[in-house]
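Below is target23.txt, holding compact mmCIF, C-alpha atoms.
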# COMPACT_ATOMS: atom_id res chain seq x y z
CA MET A 513 8.96 -16.65 6.75
CA ALA A 514 7.03 -19.87 6.38
CA ALA A 515 4.37 -18.90 8.94
CA PRO A 516 3.38 -16.05 11.24
CA VAL A 517 4.95 -15.87 14.67
CA PHE A 518 1.51 -16.50 16.17
CA ALA A 519 -1.08 -18.60 14.39
CA PHE A 520 -4.42 -16.82 14.16
CA ASP A 521 -7.37 -17.65 11.95
CA GLY A 522 -9.04 -14.22 12.11
CA ALA A 523 -11.73 -15.25 14.61
CA PRO A 524 -11.88 -13.66 18.07
CA VAL A 525 -9.76 -15.53 20.59
CA ASN A 526 -11.99 -14.37 23.40
CA PRO A 527 -15.79 -14.65 23.09
CA LYS A 528 -16.12 -11.22 24.70
CA ASP A 529 -14.16 -9.72 21.80
CA ALA A 530 -17.11 -10.26 19.48
CA THR A 531 -19.68 -8.35 21.54
CA ILE A 532 -21.17 -5.27 19.94
CA PRO A 533 -20.65 -2.36 22.35
CA VAL A 534 -23.31 0.27 22.71
CA VAL A 535 -21.92 3.80 22.61
CA THR A 536 -23.94 6.31 24.57
CA THR A 537 -23.87 9.77 23.10
CA LEU A 538 -23.72 12.69 25.47
CA PRO A 539 -26.94 14.30 26.76
CA GLY A 540 -28.34 16.91 24.41
CA ALA A 541 -26.51 15.61 21.36
CA ALA A 542 -28.30 16.25 18.12
CA GLY A 543 -29.67 13.17 16.39
CA ALA A 544 -28.51 12.32 12.92
CA VAL A 545 -30.84 13.55 10.18
CA ARG A 546 -30.82 11.33 7.12
CA THR A 547 -30.54 13.63 4.13
CA LYS A 548 -28.76 13.43 0.82
CA VAL A 549 -25.24 14.80 1.15
CA PRO A 550 -23.55 16.61 -1.74
CA PRO A 551 -20.60 14.55 -3.01
CA GLN A 552 -18.14 17.41 -2.51
CA VAL A 553 -18.31 17.10 1.30
CA ALA A 554 -15.61 14.43 1.26
CA THR A 555 -12.94 16.59 -0.40
CA PRO A 556 -10.09 18.21 1.55
CA GLU A 557 -11.27 21.68 0.48
CA THR A 558 -14.65 21.29 2.12
CA SER A 559 -15.63 24.20 4.31
CA LEU A 560 -16.40 23.73 7.99
CA SER A 561 -20.05 24.65 7.47
CA ALA A 562 -20.43 22.07 4.70
CA LEU A 563 -18.82 19.42 6.89
CA GLN A 564 -21.18 20.26 9.72
CA TYR A 565 -24.16 20.08 7.37
CA ALA A 566 -23.06 16.70 6.08
CA ALA A 567 -22.35 15.43 9.60
CA GLU A 568 -25.84 16.39 10.75
CA GLY A 569 -27.11 14.45 7.74
CA GLY A 570 -25.40 11.33 9.04
CA HIS A 571 -22.46 11.27 6.64
CA PRO A 572 -19.75 9.18 8.40
CA ILE A 573 -16.82 10.70 6.48
CA ALA A 574 -17.87 14.20 7.51
CA GLN A 575 -18.39 13.09 11.10
CA TRP A 576 -14.95 11.47 11.12
CA LYS A 577 -13.26 14.57 9.68
CA LEU A 578 -14.94 16.82 12.23
CA GLY A 579 -14.06 14.43 15.04
CA ARG A 580 -10.40 14.50 14.01
CA MET A 581 -10.46 18.29 13.63
CA TYR A 582 -11.80 18.79 17.16
CA ALA A 583 -9.49 16.13 18.59
CA ASN A 584 -6.42 17.80 17.07
CA GLY A 585 -7.52 21.44 17.15
CA ASP A 586 -7.11 21.53 13.37
CA GLY A 587 -8.89 24.63 12.07
CA VAL A 588 -11.16 24.69 15.13
CA ALA A 589 -10.72 25.09 18.87
CA GLN A 590 -9.53 21.79 20.32
CA ASP A 591 -12.47 20.06 22.01
CA ASP A 592 -12.23 16.40 22.98
CA LEU A 593 -15.84 16.26 24.08
CA ARG A 594 -17.09 17.31 20.65
CA ALA A 595 -14.70 14.88 19.02
CA PHE A 596 -16.04 12.12 21.27
CA GLU A 597 -19.57 12.97 20.22
CA TYR A 598 -18.82 12.76 16.51
CA PHE A 599 -17.03 9.44 16.93
CA SER A 600 -19.96 8.15 18.99
CA ARG A 601 -22.41 9.00 16.21
CA ILE A 602 -20.40 6.95 13.74
CA ALA A 603 -20.17 3.98 16.10
CA ASN A 604 -23.86 4.03 16.95
CA ALA A 605 -25.05 4.32 13.36
CA HIS A 606 -22.62 1.95 11.65
CA ALA A 607 -21.54 -0.69 14.17
CA GLU A 608 -23.19 -3.46 12.16
CA ASP A 609 -22.06 -2.31 8.72
CA SER A 610 -20.28 -4.96 6.69
CA PRO A 611 -16.50 -5.04 7.23
CA SER A 612 -16.22 -4.77 3.45
CA ALA A 613 -18.38 -1.62 3.24
CA PRO A 614 -16.66 1.51 1.87
CA GLN A 615 -16.92 3.27 5.24
CA ALA A 616 -15.82 0.27 7.31
CA GLN A 617 -12.32 1.61 8.01
CA ILE A 618 -13.77 4.91 9.25
CA VAL A 619 -16.18 3.07 11.53
CA ALA A 620 -13.37 0.93 12.93
CA ASN A 621 -11.21 4.01 13.48
CA ALA A 622 -14.09 5.67 15.35
CA PHE A 623 -14.24 2.71 17.74
CA VAL A 624 -10.49 2.96 18.26
CA ALA A 625 -10.76 6.71 18.99
CA LEU A 626 -13.55 6.07 21.48
CA GLY A 627 -11.53 3.33 23.14
CA ARG A 628 -8.62 5.68 23.64
CA TYR A 629 -10.90 8.32 25.14
CA TYR A 630 -12.36 5.76 27.55
CA LEU A 631 -8.85 4.62 28.41
CA ALA A 632 -7.76 8.08 29.55
CA GLY A 633 -11.07 9.84 30.18
CA ILE A 634 -11.82 13.44 29.24
CA PRO A 635 -11.06 15.93 32.05
CA ASN A 636 -14.00 17.92 33.42
CA SER A 637 -16.57 15.85 31.56
CA LYS A 638 -18.84 12.86 32.03
CA VAL A 639 -16.42 10.69 30.06
CA LYS A 640 -14.41 9.07 32.84
CA ALA A 641 -11.50 6.68 32.52
CA ASP A 642 -13.00 3.23 32.07
CA PRO A 643 -10.54 0.50 30.96
CA ASP A 644 -13.31 -2.09 30.65
CA ARG A 645 -15.26 0.18 28.30
CA ALA A 646 -12.08 0.88 26.35
CA ARG A 647 -11.53 -2.85 25.96
CA GLU A 648 -15.05 -3.25 24.56
CA MET A 649 -14.35 -0.62 21.91
CA PHE A 650 -10.97 -2.10 20.92
CA SER A 651 -12.33 -5.65 20.98
CA TYR A 652 -15.14 -4.91 18.58
CA ALA A 653 -12.99 -3.02 16.09
CA ALA A 654 -10.30 -5.71 16.32
CA SER A 655 -12.53 -8.75 15.92
CA TYR A 656 -15.38 -7.56 13.70
CA PHE A 657 -13.57 -5.07 11.46
CA GLY A 658 -10.08 -6.59 11.76
CA ASN A 659 -8.58 -3.17 12.48
CA ALA A 660 -4.82 -3.42 13.14
CA ASP A 661 -4.67 -0.36 15.42
CA ALA A 662 -7.46 -1.82 17.55
CA GLN A 663 -5.66 -5.16 17.65
CA TYR A 664 -2.52 -3.42 18.91
CA ASP A 665 -4.39 -1.41 21.54
CA LEU A 666 -6.26 -4.52 22.66
CA ALA A 667 -3.02 -6.48 22.89
CA ARG A 668 -1.48 -3.81 25.10
CA LEU A 669 -4.46 -3.95 27.45
CA TYR A 670 -4.11 -7.70 27.82
CA LEU A 671 -0.33 -7.61 28.15
CA LYS A 672 0.01 -4.65 30.49
CA THR A 673 -2.71 -5.48 32.99
CA PRO A 674 -0.90 -5.62 36.38
CA ASP A 675 -2.60 -8.88 37.39
CA ALA A 676 -2.69 -10.36 33.88
CA SER A 677 -3.26 -14.10 33.87
CA ARG A 678 -1.60 -16.58 31.53
CA GLU A 679 -4.82 -16.55 29.52
CA ASP A 680 -4.70 -12.74 29.25
CA PHE A 681 -1.13 -12.94 28.05
CA ARG A 682 -2.07 -15.55 25.46
CA TYR A 683 -4.84 -13.31 24.12
CA GLY A 684 -2.54 -10.30 24.09
CA ALA A 685 0.29 -12.10 22.31
CA ARG A 686 -2.01 -13.41 19.60
CA TRP A 687 -3.57 -9.99 18.94
CA LEU A 688 -0.09 -8.45 18.90
CA GLY A 689 1.12 -11.01 16.39
CA LEU A 690 -1.85 -10.42 14.12
CA ALA A 691 -1.41 -6.62 14.18
CA ALA A 692 2.30 -6.98 13.43
CA GLN A 693 1.59 -9.27 10.49
CA LYS A 694 -0.77 -6.60 9.11
CA GLY A 695 2.03 -4.02 9.21
CA GLN A 696 1.08 -2.08 12.34
CA HIS A 697 4.53 -0.71 13.17
CA GLN A 698 3.96 -0.15 16.90
CA ALA A 699 2.88 -3.77 17.24
CA GLN A 700 5.95 -4.80 15.26
CA ALA A 701 8.16 -2.83 17.64
CA LEU A 702 6.60 -4.28 20.80
CA LEU A 703 6.65 -7.81 19.42
CA GLY A 704 10.24 -7.32 18.31
CA GLN A 705 11.26 -6.18 21.78
CA MET A 706 9.59 -9.15 23.43
CA LEU A 707 11.10 -11.68 21.06
CA PHE A 708 14.59 -10.20 21.08
CA ASN A 709 14.71 -9.94 24.87
CA GLY A 710 12.84 -13.15 25.58
CA ASP A 711 10.24 -11.16 27.53
CA ARG A 712 7.64 -13.78 28.47
CA LEU A 713 8.21 -15.39 25.07
CA PRO A 714 10.88 -17.86 23.93
CA ARG A 715 13.80 -15.73 22.79
CA GLN A 716 14.13 -15.38 19.02
CA ALA A 717 16.76 -12.69 18.55
CA ALA A 718 16.84 -12.69 14.75
CA ARG A 719 13.06 -12.59 14.39
CA GLY A 720 12.85 -9.88 17.03
CA LEU A 721 15.44 -7.81 15.17
CA MET A 722 13.49 -8.28 11.96
CA TRP A 723 10.30 -6.89 13.51
CA LEU A 724 12.22 -4.00 15.08
CA THR A 725 13.78 -3.16 11.72
CA LEU A 726 10.37 -3.05 10.05
CA ALA A 727 9.04 -0.89 12.88
CA ARG A 728 11.98 1.50 12.70
CA ASP A 729 11.45 2.03 8.98
CA SER A 730 7.80 3.03 9.56
CA ALA A 731 8.19 4.98 12.82
CA GLY A 732 7.25 8.64 12.97
CA VAL A 733 9.75 11.31 13.98
CA ASP A 734 8.30 11.46 17.49
CA GLU A 735 8.41 7.70 18.08
CA VAL A 736 11.86 7.75 19.61
CA TRP A 737 11.20 4.63 21.68
CA ILE A 738 11.01 2.51 18.54
CA LYS A 739 14.28 3.78 17.15
CA GLU A 740 16.05 3.43 20.48
CA SER A 741 14.73 -0.10 20.91
CA TYR A 742 16.03 -1.02 17.46
CA ASN A 743 19.44 0.53 18.16
CA ARG A 744 19.80 -1.39 21.43
CA ALA A 745 18.85 -4.67 19.80
CA PHE A 746 21.11 -4.16 16.79
CA ALA A 747 24.07 -3.37 19.07
CA LYS A 748 23.50 -6.56 21.11
CA ALA A 749 22.74 -8.84 18.16
CA SER A 750 25.39 -11.26 16.93
CA ASP A 751 26.55 -11.29 13.33
CA ASP A 752 24.53 -14.45 12.78
CA ASP A 753 21.40 -12.81 14.23
CA ARG A 754 21.84 -9.81 11.93
CA ALA A 755 22.34 -11.99 8.87
CA MET A 756 19.30 -14.11 9.69
CA ALA A 757 17.19 -11.02 10.37
CA LEU A 758 18.14 -9.66 6.95
CA GLN A 759 17.11 -12.92 5.32
CA MET A 760 13.78 -12.82 7.14
CA LEU A 761 13.25 -9.22 6.00
CA GLU A 762 13.80 -10.21 2.40
CA GLN A 763 11.26 -13.02 2.77
CA TRP A 764 8.79 -10.62 4.42
CA VAL A 765 9.09 -8.10 1.58
CA GLN A 766 8.73 -10.84 -1.03
CA GLY A 767 5.67 -12.23 0.73
CA ARG A 768 4.00 -8.81 0.83
CA ARG A 769 4.59 -8.36 -2.90
CA GLU A 770 2.93 -11.68 -3.64
As structure tokens, what does this structure read like?
Amino acid sequence: MAAPVFAFDGAPVNPKDATIPVVTTLPGAAGAVRTKVPPQVATPETSLSALQYAAEGGHPIAQWKLGRMYANGDGVAQDDLRAFEYFSRIANAHAEDSPSAPQAQIVANAFVALGRYYLAGIPNSKVKADPDRAREMFSYAASYFGNADAQYDLARLYLKTPDASREDFRYGARWLGLAAQKGQHQAQALLGQMLFNGDRLPRQAARGLMWLTLARDSAGVDEVWIKESYNRAFAKASDDDRAMALQMLEQWVQGRRE
């Protein structure tokens, strides 16, 4: 393809997207103690006690691993509130780290995790559903760190708001296009659906089928909606659309290699 579906120069399309959000840790949370952390804390074989020690020392990788463990109930009792706390520590301590810093991806992922908690809330806790707060988290990770998952989540907020304005849709479409170009398969699937069906965008069946094909190839086993969306589009597509989509796919793969 000669150019992305949506032009985007990497700068926030909404001034609010560049605002640094302040994450408030929960009352009684232990403060981070800056101590030297043994290098082995970042290995998969690290014990829970070593991870906890490193996390208390302010090590973002350890905090991220513990946050994911408590979020998923992996080796520990599932506890969203504890996960939220670990993600909050990362966000508070590293929000202004350089996007090129070694831990930048972890920091961005922590903002995304916090955004998703604010989007749904945590039952029986002080973390209530707060879409505006969620948007702040996604916006910062999307604009400052360039995180594709945050860009996708932010796009969905703009696109799915019941009273979304034309301006909201424009923001959402541009974030969606950027995430898709970065290889975020859920963004590729949603963009493919919209383009193939002409859903609030000029219909481009071949390009939509191309995005859906890319998304299908990366979808997890539980992401049935992506595979079903691809199957519906492929069945409706004309022979010309399929041939053009294949050509676009070849250009996409070649472009990624270069």
Legend entry - Nearby residues (all atoms listed in the file) at most 9 Å from Ala692 of chain A, same-chain spacing under 3 positions excluded, as an NGL selection string: :A and (660 or 664 or 687-689 or 695-703 or 723)
Just the selected residues (C-alpha atoms), exported as a CSV table (one decimal), keeping the file's coordinate frame, please.
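Below is the file that was written, selection-v7.csv:
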chain,number,residue,atom,x,y,z
A,660,ALA,CA,-4.8,-3.4,13.1
A,664,TYR,CA,-2.5,-3.4,18.9
A,687,TRP,CA,-3.6,-10.0,18.9
A,688,LEU,CA,-0.1,-8.4,18.9
A,689,GLY,CA,1.1,-11.0,16.4
A,695,GLY,CA,2.0,-4.0,9.2
A,696,GLN,CA,1.1,-2.1,12.3
A,697,HIS,CA,4.5,-0.7,13.2
A,698,GLN,CA,4.0,-0.2,16.9
A,699,ALA,CA,2.9,-3.8,17.2
A,700,GLN,CA,6.0,-4.8,15.3
A,701,ALA,CA,8.2,-2.8,17.6
A,702,LEU,CA,6.6,-4.3,20.8
A,703,LEU,CA,6.6,-7.8,19.4
A,723,TRP,CA,10.3,-6.9,13.5
Correct to one decimal, the distance atom CA of Asp711 of chain A-atom CA of Asp751 of chain A is 21.6 Å
Using only C-alpha atoms, the shortest atom-to-atom distance to Ala641 of chain A among A:Arg628, A:Leu669, A:Leu578, A:Arg769 belongs to A:Arg628
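The nearest approach to Ala653 of chain A among the residues A:Pro611, A:Pro714, A:Gly569, A:Gly684, with all atoms listed in the file taken into account, belongs to A:Pro611.
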One residue among A:Phe623, A:Trp576, A:Phe746, A:Tyr582 is nearest to Ala654 of chain A when using only C-alpha atoms, and that residue is A:Phe623
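You will find atom CA of Ala667 of chain A at 20.9 Å from atom CA of Lys739 of chain A.
The smallest atom-to-atom distance between Ala749 of chain A and any of A:Arg719, A:His571, A:Arg645, A:His606, using all atoms listed in the file, is found for A:Arg719.
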To one decimal in Å, tell me the separation between atom CA of Ala646 of chain A and atom CA of Ala632 of chain A.
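Between atom CA of Ala646 of chain A and atom CA of Ala632 of chain A the gap works out to 9.0 Å.
If you measure from each of A:Val588, A:Ala662, A:Ala685, A:Ala574 to Arg647 of chain A using all atoms listed in the file, the closest one turns out to be A:Ala662.
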message = With distances taken over all atoms listed in the file, which residue among A:Phe657, A:Glu568, A:Gln663, A:Tyr629 lies nearest Ala607 of chain A?
response =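 The answer is A:Phe657, which sits nearest to Ala607 of chain A.
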Subject >> Test item: residues at most 8 Å from Arg728 of chain A, all atoms listed in the file, excluding those fewer than 2 positions along its chain, as a PyMOL selection string >> reply: chain A and resi 697+701+724-726+730-731+738-739+742
